$ cat final-v7.tsv   # TSV, C-alpha atoms
chain	number	residue	atom	x	y	z
A	1	MET	CA	-38.56	17.93	27.54
A	2	MET	CA	-34.86	18.25	26.65
A	3	ASN	CA	-32.25	17.04	29.09
A	4	LYS	CA	-29.93	19.79	30.19
A	5	LYS	CA	-26.38	19.23	28.98
A	6	ASN	CA	-23.46	19.32	31.37
A	7	TRP	CA	-20.18	20.91	30.30
A	8	TYR	CA	-16.61	20.97	31.51
A	9	THR	CA	-15.04	24.41	31.22
A	10	THR	CA	-11.34	25.28	31.01
A	11	GLU	CA	-9.17	28.29	31.65
A	12	GLU	CA	-9.63	29.17	27.97
A	13	PRO	CA	-13.20	30.55	27.46
A	14	SER	CA	-13.47	29.16	23.92
A	15	VAL	CA	-12.57	25.62	24.99
A	16	PHE	CA	-15.12	23.47	26.80
A	17	PHE	CA	-16.07	19.82	26.67
A	18	GLU	CA	-19.41	18.02	26.72
A	19	ASP	CA	-20.08	15.54	29.51
A	20	THR	CA	-19.95	12.48	27.26
A	21	SER	CA	-17.35	9.78	26.71
A	22	VAL	CA	-15.89	11.98	23.96
A	23	GLY	CA	-15.81	15.13	26.07
A	24	ARG	CA	-14.36	13.38	29.11
A	25	MET	CA	-11.62	11.85	26.96
A	26	LYS	CA	-10.77	15.27	25.52
A	27	LYS	CA	-10.74	16.86	28.97
A	28	GLN	CA	-8.27	14.25	30.17
A	29	LEU	CA	-5.98	14.95	27.22
A	30	TRP	CA	-6.36	18.71	27.67
A	31	GLU	CA	-5.24	18.48	31.29
A	32	ALA	CA	-2.50	15.87	30.75
A	33	SER	CA	1.11	16.80	31.44
A	34	GLU	CA	3.60	16.71	28.59
A	35	GLU	CA	5.12	13.60	30.16
A	36	GLU	CA	1.72	11.91	30.08
A	37	ILE	CA	1.29	12.94	26.44
A	38	ASP	CA	4.68	11.42	25.60
A	39	HIS	CA	3.59	8.18	27.29
A	40	ILE	CA	0.41	8.04	25.20
A	41	LEU	CA	2.36	8.58	21.99
A	42	GLU	CA	4.77	5.83	23.03
A	43	GLU	CA	1.84	3.43	23.42
A	44	TYR	CA	0.94	4.07	19.77
A	45	GLY	CA	4.52	3.98	18.54
A	46	ILE	CA	4.56	7.66	17.56
A	47	PRO	CA	6.75	8.76	15.91
A	48	SER	CA	7.67	5.83	13.65
A	49	PRO	CA	8.74	5.57	10.01
A	50	SER	CA	5.97	5.27	7.44
A	51	GLU	CA	4.64	1.73	7.05
A	52	LEU	CA	3.14	2.20	3.58
A	53	GLY	CA	5.51	-0.45	2.20
A	54	MET	CA	5.69	-2.63	5.32
A	55	ALA	CA	4.33	-6.16	5.40
A	56	ASN	CA	1.24	-6.82	7.55
A	57	THR	CA	0.28	-3.17	8.06
A	58	TYR	CA	-2.28	-2.48	5.31
A	59	ILE	CA	-4.79	-4.88	3.80
A	60	GLN	CA	-2.82	-4.58	0.59
A	61	THR	CA	0.52	-5.48	2.25
A	62	THR	CA	-0.82	-8.43	4.24
A	63	ASN	CA	-1.23	-11.98	3.00
A	64	ARG	CA	-4.83	-12.99	2.42
A	65	SER	CA	-5.05	-15.58	5.20
A	66	ARG	CA	-3.92	-13.04	7.79
A	67	VAL	CA	-6.38	-10.43	6.51
A	68	ILE	CA	-9.22	-12.93	7.00
A	69	GLU	CA	-8.01	-13.94	10.46
A	70	ARG	CA	-7.80	-10.29	11.52
A	71	ARG	CA	-11.24	-9.47	10.09
A	72	ARG	CA	-12.90	-12.34	11.97
A	73	LYS	CA	-11.88	-10.68	15.24
A	74	ASN	CA	-12.41	-7.10	14.12
A	75	ASP	CA	-14.28	-6.12	10.95
A	76	ILE	CA	-13.64	-2.38	11.25
A	77	VAL	CA	-11.53	-0.91	8.48
A	78	PHE	CA	-10.09	2.59	8.62
A	79	VAL	CA	-9.40	4.27	5.29
A	80	PRO	CA	-6.98	7.23	5.17
A	81	ILE	CA	-7.93	10.03	2.79
A	82	GLY	CA	-5.29	12.52	1.63
A	83	CYS	CA	-4.34	14.22	-1.61
A	84	THR	CA	-1.54	15.75	-3.66
A	85	GLU	CA	-1.38	19.44	-2.77
A	86	ASN	CA	1.14	22.26	-2.70
A	87	HIS	CA	2.09	22.87	0.95
A	88	GLY	CA	4.82	25.40	0.29
A	89	LYS	CA	8.43	24.96	-0.74
A	90	HIS	CA	9.36	23.62	2.67
A	91	ALA	CA	6.94	20.66	2.62
A	92	ASN	CA	6.01	17.64	0.52
A	93	THR	CA	2.89	17.63	-1.67
A	94	GLY	CA	1.86	14.30	-0.09
A	95	LEU	CA	1.84	15.86	3.39
A	96	ASP	CA	-1.87	15.19	3.97
A	97	THR	CA	-1.53	11.53	2.97
A	98	PHE	CA	1.52	10.83	5.10
A	99	MET	CA	-0.03	12.61	8.07
A	100	VAL	CA	-3.23	10.54	8.11
A	101	THR	CA	-1.59	7.23	7.20
A	102	GLN	CA	0.91	7.52	10.04
A	103	ILE	CA	-1.87	8.36	12.49
A	104	LEU	CA	-3.79	5.26	11.43
A	105	GLU	CA	-0.65	3.14	11.51
A	106	GLY	CA	-0.31	4.13	15.16
A	107	LEU	CA	-3.93	3.14	15.78
A	108	ARG	CA	-3.36	-0.25	14.18
A	109	ARG	CA	-0.27	-0.87	16.31
A	110	TYR	CA	-2.20	0.01	19.46
A	111	THR	CA	-5.22	-2.18	18.71
A	112	ALA	CA	-2.90	-5.06	17.83
A	113	LYS	CA	-1.39	-4.84	21.32
A	114	GLN	CA	-4.94	-4.95	22.72
A	115	GLY	CA	-5.57	-8.25	20.93
A	116	ARG	CA	-8.13	-6.93	18.42
A	117	GLU	CA	-6.13	-5.42	15.61
A	118	CYS	CA	-8.11	-3.18	13.28
A	119	SER	CA	-7.53	-3.16	9.54
A	120	ILE	CA	-6.36	-0.19	7.52
A	121	ALA	CA	-6.56	0.11	3.75
A	122	PHE	CA	-4.50	2.02	1.24
A	123	THR	CA	-5.84	5.47	0.47
A	124	PRO	CA	-8.16	5.41	-2.55
A	125	LEU	CA	-7.25	9.03	-3.35
A	126	ASN	CA	-3.59	9.84	-3.88
A	127	TYR	CA	-4.71	13.04	-5.60
A	128	GLY	CA	-8.14	14.02	-4.32
A	129	GLY	CA	-10.66	16.75	-4.86
A	130	HIS	CA	-10.04	20.39	-4.04
A	131	PRO	CA	-11.97	23.61	-3.46
A	132	TYR	CA	-12.19	26.05	-6.36
A	133	HIS	CA	-9.64	28.44	-4.88
A	134	HIS	CA	-6.92	25.79	-5.31
A	135	ILE	CA	-7.38	25.77	-9.08
A	136	ALA	CA	-4.28	26.07	-11.29
A	137	MET	CA	-1.88	25.83	-8.36
A	138	PRO	CA	1.32	23.98	-9.40
A	139	GLY	CA	1.87	20.89	-7.29
A	140	THR	CA	-1.85	20.53	-6.57
A	141	VAL	CA	-3.60	17.84	-8.61
A	142	ASN	CA	-7.35	18.48	-8.73
A	143	MET	CA	-9.69	15.59	-9.53
A	144	PRO	CA	-13.37	16.20	-10.49
A	145	HIS	CA	-15.81	15.62	-7.66
A	146	GLU	CA	-17.53	12.85	-9.65
A	147	VAL	CA	-14.22	10.95	-9.77
A	148	VAL	CA	-13.67	11.41	-6.05
A	149	GLN	CA	-17.22	10.40	-5.14
A	150	GLU	CA	-17.45	7.35	-7.37
A	151	THR	CA	-14.00	6.14	-6.27
A	152	ILE	CA	-15.09	6.28	-2.63
A	153	ILE	CA	-18.45	4.61	-3.33
A	154	TYR	CA	-16.98	1.62	-5.14
A	155	MET	CA	-14.08	1.31	-2.71
A	156	MET	CA	-16.68	1.02	0.05
A	157	LEU	CA	-18.66	-1.55	-1.93
A	158	GLY	CA	-15.57	-3.69	-2.44
A	159	LEU	CA	-14.62	-3.56	1.23
A	160	TRP	CA	-18.19	-4.41	2.27
A	161	ASN	CA	-18.16	-7.39	-0.10
A	162	ASP	CA	-14.96	-8.56	1.60
A	163	GLY	CA	-16.63	-8.63	5.01
A	164	PHE	CA	-15.65	-5.16	6.27
A	165	ARG	CA	-19.09	-3.87	7.25
A	166	LYS	CA	-17.76	-1.00	9.41
A	167	ILE	CA	-15.95	1.47	7.18
A	168	ILE	CA	-14.43	4.62	8.68
A	169	LEU	CA	-12.96	7.21	6.32
A	170	VAL	CA	-10.42	9.44	8.08
A	171	ASN	CA	-10.04	12.65	6.13
A	172	ASN	CA	-6.95	14.87	6.09
A	173	HIS	CA	-7.84	17.29	3.30
A	174	GLY	CA	-10.24	20.05	2.30
A	175	HIS	CA	-12.73	18.04	0.27
A	176	LEU	CA	-14.96	16.85	3.10
A	177	TRP	CA	-18.22	17.62	1.30
A	178	MET	CA	-17.29	15.14	-1.44
A	179	LEU	CA	-16.73	12.37	1.10
A	180	GLU	CA	-19.98	13.15	2.89
A	181	ALA	CA	-21.81	12.99	-0.45
A	182	ALA	CA	-20.13	9.68	-1.26
A	183	ILE	CA	-21.34	8.04	1.95
A	184	GLN	CA	-24.88	9.29	1.47
A	185	GLU	CA	-24.94	8.13	-2.16
A	186	PHE	CA	-23.44	4.74	-1.25
A	187	CYS	CA	-26.27	4.16	1.22
A	188	LYS	CA	-29.00	5.37	-1.15
A	189	ARG	CA	-27.66	3.39	-4.08
A	190	PHE	CA	-27.03	0.02	-2.42
A	191	GLN	CA	-28.97	0.06	0.89
A	192	LEU	CA	-26.56	-2.15	2.82
A	193	PRO	CA	-26.38	-2.43	6.63
A	194	GLY	CA	-23.22	-1.35	8.38
A	195	ILE	CA	-21.44	1.53	10.06
A	196	PHE	CA	-20.22	4.13	7.57
A	197	ARG	CA	-18.50	7.31	8.74
A	198	VAL	CA	-16.16	10.03	7.63
A	199	ILE	CA	-14.10	11.71	10.32
A	200	ASP	CA	-12.51	15.04	9.45
A	201	TRP	CA	-9.85	14.38	12.03
A	202	HIS	CA	-8.71	17.95	12.59
A	203	ARG	CA	-12.28	19.05	13.34
A	204	ALA	CA	-12.80	16.03	15.57
A	205	ILE	CA	-10.26	17.45	18.01
A	206	ARG	CA	-10.47	21.13	17.06
A	207	GLU	CA	-9.95	22.28	20.64
A	208	PHE	CA	-6.33	21.16	20.52
A	209	PHE	CA	-5.53	23.57	17.69
A	210	ILE	CA	-6.69	26.68	19.55
A	211	PRO	CA	-3.77	28.80	20.81
A	212	VAL	CA	-3.61	28.97	24.62
A	213	ASP	CA	-1.08	30.09	27.20
A	214	ARG	CA	1.11	27.03	27.69
A	215	GLY	CA	4.47	25.91	26.40
A	216	ASP	CA	3.33	23.23	23.94
A	217	SER	CA	0.53	25.32	22.41
A	218	PHE	CA	0.32	26.63	18.88
A	219	GLU	CA	0.57	30.38	18.39
A	220	THR	CA	-1.79	30.58	15.39
A	221	THR	CA	-5.00	28.82	14.36
A	222	PHE	CA	-5.17	26.03	11.78
A	223	ILE	CA	-5.33	27.14	8.13
A	224	HIS	CA	-3.04	25.54	5.52
A	225	ALA	CA	0.64	24.51	5.27
A	226	ASP	CA	1.11	26.66	8.34
A	227	GLU	CA	2.49	26.34	11.85
A	228	ILE	CA	0.14	23.45	12.63
A	229	GLU	CA	0.47	21.27	9.54
A	230	THR	CA	4.22	21.83	9.50
A	231	SER	CA	4.47	20.89	13.19
A	232	MET	CA	2.63	17.64	12.41
A	233	GLY	CA	5.13	16.92	9.64
A	234	MET	CA	8.06	17.67	11.95
A	235	LEU	CA	6.74	15.11	14.44
A	236	LEU	CA	5.76	12.39	11.97
A	237	PHE	CA	8.06	12.70	8.94
A	238	PRO	CA	10.71	15.40	9.51
A	239	GLU	CA	12.94	13.99	6.79
A	240	MET	CA	10.43	15.18	4.16
A	241	LEU	CA	10.62	18.83	5.25
A	242	ASP	CA	13.21	21.56	4.61
A	243	MET	CA	12.55	24.30	7.11
A	244	GLU	CA	15.12	26.60	5.52
A	245	GLN	CA	12.59	26.99	2.69
A	246	ALA	CA	9.67	27.93	4.96
A	247	GLU	CA	7.81	31.15	4.05
A	248	GLU	CA	5.07	33.09	5.81
A	249	ALA	CA	2.04	34.12	3.72
A	250	TRP	CA	-1.52	35.31	4.40
A	251	PRO	CA	-4.61	35.42	2.14
A	252	LYS	CA	-5.93	38.48	0.34
A	253	GLY	CA	-9.56	39.09	1.34
A	254	TYR	CA	-12.09	41.54	-0.11
A	255	LEU	CA	-14.78	41.64	2.60
A	256	PRO	CA	-14.74	42.19	6.37
A	257	ASP	CA	-13.56	39.25	8.43
A	258	GLY	CA	-15.84	37.28	10.75
A	259	HIS	CA	-18.11	35.44	8.30
A	260	PHE	CA	-16.01	32.49	7.13
A	261	ASP	CA	-14.18	30.29	9.59
A	262	VAL	CA	-10.75	28.71	9.25
A	263	SER	CA	-9.92	25.05	8.78
A	264	VAL	CA	-11.26	23.57	12.04
A	265	ASP	CA	-14.04	26.12	12.71
A	266	ALA	CA	-12.04	27.52	15.61
A	267	TYR	CA	-14.04	30.75	15.80
A	268	ARG	CA	-17.57	29.31	15.47
A	269	ARG	CA	-18.30	31.73	12.65
A	270	PRO	CA	-21.52	31.60	10.60
A	271	CYS	CA	-19.97	29.77	7.64
A	272	ARG	CA	-17.34	27.12	7.14
A	273	TRP	CA	-14.49	28.11	4.84
A	274	SER	CA	-15.87	25.83	2.11
A	275	GLU	CA	-19.31	27.47	1.95
A	276	GLY	CA	-18.44	30.21	-0.52
A	277	GLN	CA	-16.05	31.69	-3.05
A	278	GLY	CA	-15.31	35.22	-4.23
A	279	HIS	CA	-14.66	36.75	-0.82
A	280	GLN	CA	-10.91	36.33	-1.22
A	281	ALA	CA	-8.35	35.79	-3.96
A	282	ILE	CA	-7.74	32.29	-5.30
A	283	GLU	CA	-4.55	30.69	-4.05
A	284	ILE	CA	-2.37	31.18	-7.11
A	285	ALA	CA	-3.09	34.93	-7.01
A	286	GLY	CA	-3.28	35.56	-3.27
A	287	THR	CA	-0.85	33.06	-1.75
A	288	PRO	CA	1.27	31.59	-4.57
A	289	GLU	CA	3.71	30.44	-1.87
A	290	GLY	CA	1.29	27.56	-1.16
A	291	VAL	CA	1.13	28.62	2.48
A	292	VAL	CA	-1.57	30.35	4.55
A	293	GLY	CA	0.02	31.13	7.89
A	294	ASN	CA	3.51	30.97	9.34
A	295	PRO	CA	5.24	27.57	9.18
A	296	LYS	CA	8.37	29.13	10.68
A	297	LEU	CA	6.67	28.85	14.09
A	298	ALA	CA	6.39	25.06	13.82
A	299	THR	CA	7.95	22.58	16.25
A	300	ALA	CA	7.41	18.86	16.75
A	301	ARG	CA	6.62	19.52	20.41
A	302	LYS	CA	3.49	21.48	19.49
A	303	ALA	CA	2.10	18.56	17.47
A	304	LYS	CA	2.26	15.99	20.26
A	305	ARG	CA	-0.91	16.85	22.18
A	306	PRO	CA	-3.27	16.97	19.14
A	307	THR	CA	-1.71	13.76	17.82
A	308	ALA	CA	-2.36	12.05	21.14
A	309	ALA	CA	-5.90	13.46	21.11
A	310	ILE	CA	-6.80	12.10	17.67
A	311	LEU	CA	-5.31	8.71	18.47
A	312	LYS	CA	-7.36	8.49	21.65
A	313	TYR	CA	-10.50	9.67	19.84
A	314	LEU	CA	-10.13	7.13	17.04
A	315	THR	CA	-9.57	4.44	19.66
A	316	LEU	CA	-12.79	5.51	21.39
A	317	VAL	CA	-14.69	5.36	18.07
A	318	HIS	CA	-13.22	1.91	17.43
A	319	ASP	CA	-14.03	0.55	20.89
A	320	GLU	CA	-17.59	1.89	21.02
A	321	ILE	CA	-18.44	0.45	17.60
A	322	LEU	CA	-17.07	-3.00	18.47
A	323	GLU	CA	-18.87	-2.97	21.80
A	324	ALA	CA	-22.20	-2.23	20.12
A	325	PHE	CA	-21.62	-4.44	17.07
A	326	PRO	CA	-18.98	-7.16	17.54
A	327	ALA	CA	-17.21	-8.57	14.51
A	328	GLY	CA	-19.65	-10.19	12.10
A	329	THR	CA	-22.67	-8.17	13.25
A	330	VAL	CA	-24.31	-5.03	11.86
A	331	PRO	CA	-27.15	-2.70	12.84
A	332	PRO	CA	-30.64	-4.16	12.25
A	333	VAL	CA	-31.15	-4.64	8.52
A	334	GLU	CA	-34.80	-3.63	8.50
A	335	GLU	CA	-34.18	-0.53	10.59
A	336	MET	CA	-31.45	1.00	8.43
A	337	THR	CA	-32.40	-0.22	4.94
A	338	LEU	CA	-35.51	-1.04	2.93
A	339	ARG	CA	-34.31	-4.63	2.57
A	340	THR	CA	-35.44	-7.62	4.66
A	341	GLU	CA	-33.32	-9.73	6.96
A	342	ALA	CA	-34.11	-12.80	4.88
A	343	GLU	CA	-32.99	-11.05	1.69
A	344	MET	CA	-29.70	-9.90	3.24
A	345	GLU	CA	-28.83	-13.12	5.08
A	346	PRO	CA	-26.64	-14.73	2.37
A	347	TYR	CA	-24.87	-11.46	1.61
A	348	LEU	CA	-23.96	-10.98	5.27
A	349	ARG	CA	-22.26	-14.34	5.58
A	350	GLU	CA	-18.47	-14.53	5.64
A	351	PRO	CA	-17.10	-14.15	2.11
A	352	LEU	CA	-16.63	-17.50	0.32
A	353	SER	CA	-18.30	-19.44	3.15
A	354	GLU	CA	-21.07	-21.91	2.37
A	355	GLY	CA	-24.20	-20.11	1.20
A	356	TRP	CA	-22.48	-16.73	0.82
A	357	LYS	CA	-23.52	-14.44	-2.01
A	358	SER	CA	-21.49	-11.56	-3.38
A	359	VAL	CA	-23.00	-8.11	-3.00
A	360	TYR	CA	-22.14	-7.50	-6.65
A	361	GLY	CA	-25.14	-9.68	-7.49
A	362	ILE	CA	-27.61	-8.10	-5.10
A	363	PRO	CA	-30.83	-6.78	-6.68
A	364	ARG	CA	-30.98	-3.00	-6.77
A	365	ILE	CA	-33.91	-1.32	-5.06
A	366	GLY	CA	-35.22	2.19	-4.61
A	367	ALA	CA	-35.20	5.33	-6.71
A	368	PHE	CA	-31.43	5.98	-6.71
A	369	GLU	CA	-29.47	4.52	-9.59
A	370	LYS	CA	-26.10	5.29	-11.14
A	371	LEU	CA	-25.06	3.78	-14.41

$ encode --input "final-v7.tsv" --output "structure tokens"
Amino acid sequence: MMNKKNWYTTEEPSVFFEDTSVGRMKKQLWEASEEEIDHILEEYGIPSPSELGMANTYIQTTNRSRVIERRRKNDIVFVPIGCTENHGKHANTGLDTFMVTQILEGLRRYTAKQGRECSIAFTPLNYGGHPYHHIAMPGTVNMPHEVVQETIIYMMLGLWNDGFRKIILVNNHGHLWMLEAAIQEFCKRFQLPGIFRVIDWHRAIREFFIPVDRGDSFETTFIHADEIETSMGMLLFPEMLDMEQAEEAWPKGYLPDGHFDVSVDAYRRPCRWSEGQGHQAIEIAGTPEGVVGNPKLATARKAKRPTAAILKYLTLVHDEILEAFPAGTVPPVEEMTLRTEAEMEPYLREPLSEGWKSVYGIPRIGAFEKL
């Protein structure tokens, strides 16, 4: 017999929260005052300049001894995933990458203050995959899905070999299905224990992108290079934007609306936006401006609540994983792989410790193989 779920409702009929740790956290953020939201952002150091070139922020900008010391306390690594994509004349083509990296930089700062600093890695995809309707768009660099998938798989293998057995991809771009496929293939191909996730961060807190009747709310739903993405840029990296160049543009569709949803599935429609093509013009023909929506409505104020929400959600993910599996531990080997505990024991030791074996020498098993 199924347990009946409890829900928290709001004044907005389309916004409600499940009675779980996730739902209760979202409810608290939904009801928070703007002053409380500002306090949360301050705890994470938001806004702050990009730390992509700052010492001791990313694995790649931190000396090796400090990386090891940090990993011994906390072996979770967050990996930002962005792309190079036309976001209109008013915005930078690296908008997705700078958005997600600055969110994760805030998470790292917060966990460091808590005494269990997480690790973050450079993005493995400065370009990224794209849906078909982005084809031929100047400023958008489209990598084949095989390149995207294999890059993610072998990035994960290298991080696992280095002792990071909890790998969380945080996605900020419309190629989610490629990242999902990469995680599934990684597990089939190598059968290694660990926690492996991709979080499409906008969907993770989709409620906070739904327009409602309050002063810090968005006026339109999330699509692309629009009010919402531009607001995020204005909060996190305003120096990269030129709002005098902002243009409003809307897609050209051929069929009645109501079937395909927008970016965060705000309408709960039958299909996600990525589940078809042909129902509307490709971008270069329908919205050559590189915008779907109205970025002229953007303000930094509107971006604060969703930014606080994703930071709190990622913190919850982080804390619940570490509580269940402290640093150096993983889910039961024989319950999540076809390998034995005895077989995996040397590979699960700390890298370069006595008796450790590199995963690059592990025997391959199972039916899934990639040359």

$ axis_aligned_box --input "final-v7.tsv" --around "stretch 340-356 of chain A" --padding-each-side "6 Å" --output "lines of an AutoDock Vina configuration file"
center_x = -26.0
center_y = -14.8
center_z = 3.6
size_x = 30.8
size_y = 26.3
size_z = 18.6

$ residues_around --input "final-v7.tsv" --residues "A:Glu51" --least-positions-apart "5" --cutoff "12 Å" --atoms "only C-alpha atoms" --output "PDB file with C-alpha atoms, in the coordinates of the input"
ATOM      1  CA  GLY A  45       4.520   3.980  18.540  1.00  0.00           C
ATOM      2  CA  ASN A  56       1.240  -6.820   7.550  1.00  0.00           C
ATOM      3  CA  THR A  57       0.280  -3.170   8.060  1.00  0.00           C
ATOM      4  CA  TYR A  58      -2.280  -2.480   5.310  1.00  0.00           C
ATOM      5  CA  ILE A  59      -4.790  -4.880   3.800  1.00  0.00           C
ATOM      6  CA  GLN A  60      -2.820  -4.580   0.590  1.00  0.00           C
ATOM      7  CA  THR A  61       0.520  -5.480   2.250  1.00  0.00           C
ATOM      8  CA  THR A  62      -0.820  -8.430   4.240  1.00  0.00           C
ATOM      9  CA  PHE A  98       1.520  10.830   5.100  1.00  0.00           C
ATOM     10  CA  MET A  99      -0.030  12.610   8.070  1.00  0.00           C
ATOM     11  CA  VAL A 100      -3.230  10.540   8.110  1.00  0.00           C
ATOM     12  CA  THR A 101      -1.590   7.230   7.200  1.00  0.00           C
ATOM     13  CA  GLN A 102       0.910   7.520  10.040  1.00  0.00           C
ATOM     14  CA  ILE A 103      -1.870   8.360  12.490  1.00  0.00           C
ATOM     15  CA  LEU A 104      -3.790   5.260  11.430  1.00  0.00           C
ATOM     16  CA  GLU A 105      -0.650   3.140  11.510  1.00  0.00           C
ATOM     17  CA  GLY A 106      -0.310   4.130  15.160  1.00  0.00           C
ATOM     18  CA  ARG A 108      -3.360  -0.250  14.180  1.00  0.00           C
ATOM     19  CA  ARG A 109      -0.270  -0.870  16.310  1.00  0.00           C
ATOM     20  CA  ILE A 120      -6.360  -0.190   7.520  1.00  0.00           C
ATOM     21  CA  ALA A 121      -6.560   0.110   3.750  1.00  0.00           C
ATOM     22  CA  PHE A 122      -4.500   2.020   1.240  1.00  0.00           C
ATOM     23  CA  LEU A 236       5.760  12.390  11.970  1.00  0.00           C
ATOM     24  CA  PHE A 237       8.060  12.700   8.940  1.00  0.00           C
TER      25      PHE A 237
END

$ atom_distance --input "final-v7.tsv" --atom1 "atom CA of A:Met143" --atom2 "atom CA of A:Cys83"
9.7 Å

$ closest_residue --input "final-v7.tsv" --among "A:Trp250, A:Phe196, A:Ala225, A:Ser274" --to "A:His175" --atoms "only C-alpha atoms"
A:Ser274

$ residues_around --input "final-v7.tsv" --residues "A:Asp38" --least-positions-apart "3" --cutoff "10 Å" --atoms "all atoms listed in the file" --output "list of chain:residue names"
A:Ala32, A:Ser33, A:Glu34, A:Glu35, A:Leu41, A:Glu42, A:Glu43, A:Ile46, A:Arg301, A:Lys304, A:Arg305, A:Ala308

$ write_last_selection --input "final-v7.tsv" --atoms "C-alpha atoms" --output "mmCIF file, keeping the file's coordinate frame"
data_model
loop_
_atom_site.group_PDB
_atom_site.id
_atom_site.type_symbol
_atom_site.label_atom_id
_atom_site.label_comp_id
_atom_site.auth_asym_id
_atom_site.auth_seq_id
_atom_site.Cartn_x
_atom_site.Cartn_y
_atom_site.Cartn_z
ATOM 1 C CA ALA A 32 -2.500 15.870 30.750
ATOM 2 C CA SER A 33 1.110 16.800 31.440
ATOM 3 C CA GLU A 34 3.600 16.710 28.590
ATOM 4 C CA GLU A 35 5.120 13.600 30.160
ATOM 5 C CA LEU A 41 2.360 8.580 21.990
ATOM 6 C CA GLU A 42 4.770 5.830 23.030
ATOM 7 C CA GLU A 43 1.840 3.430 23.420
ATOM 8 C CA ILE A 46 4.560 7.660 17.560
ATOM 9 C CA ARG A 301 6.620 19.520 20.410
ATOM 10 C CA LYS A 304 2.260 15.990 20.260
ATOM 11 C CA ARG A 305 -0.910 16.850 22.180
ATOM 12 C CA ALA A 308 -2.360 12.050 21.140
#

$ closest_atom_pairs --input "final-v7.tsv" --of "stretch 48-108 of chain A" --to "stretch 275-290 of chain A" --cutoff "7 Å" --atoms "all atoms listed in the file" --output "tab-separated table"
residue	atom	partner	partner_atom	distance
A:Asn86	CA	A:Gly290	CA	5.5
A:His87	CA	A:Gly290	CA	5.2
A:Gly88	CA	A:Gly290	CA	4.4

$ write_last_selection --input "final-v7.tsv" --atoms "C-alpha atoms" --output "PDB file, keeping the file's coordinate frame"
ATOM      1  CA  ASN A  86       1.140  22.260  -2.700  1.00  0.00           C
ATOM      2  CA  HIS A  87       2.090  22.870   0.950  1.00  0.00           C
ATOM      3  CA  GLY A  88       4.820  25.400   0.290  1.00  0.00           C
TER       4      GLY A  88
END

$ atom_distance --input "final-v7.tsv" --atom1 "atom CA of A:Val15" --atom2 "atom CA of A:Phe218"
14.3 Å

$ residues_around --input "final-v7.tsv" --residues "A:Arg165" --least-positions-apart "5" --cutoff "9 Å" --atoms "only C-alpha atoms" --output "MDAnalysis selection string"
chainID A and resid 75:77 159:160 192:196 327:330 348
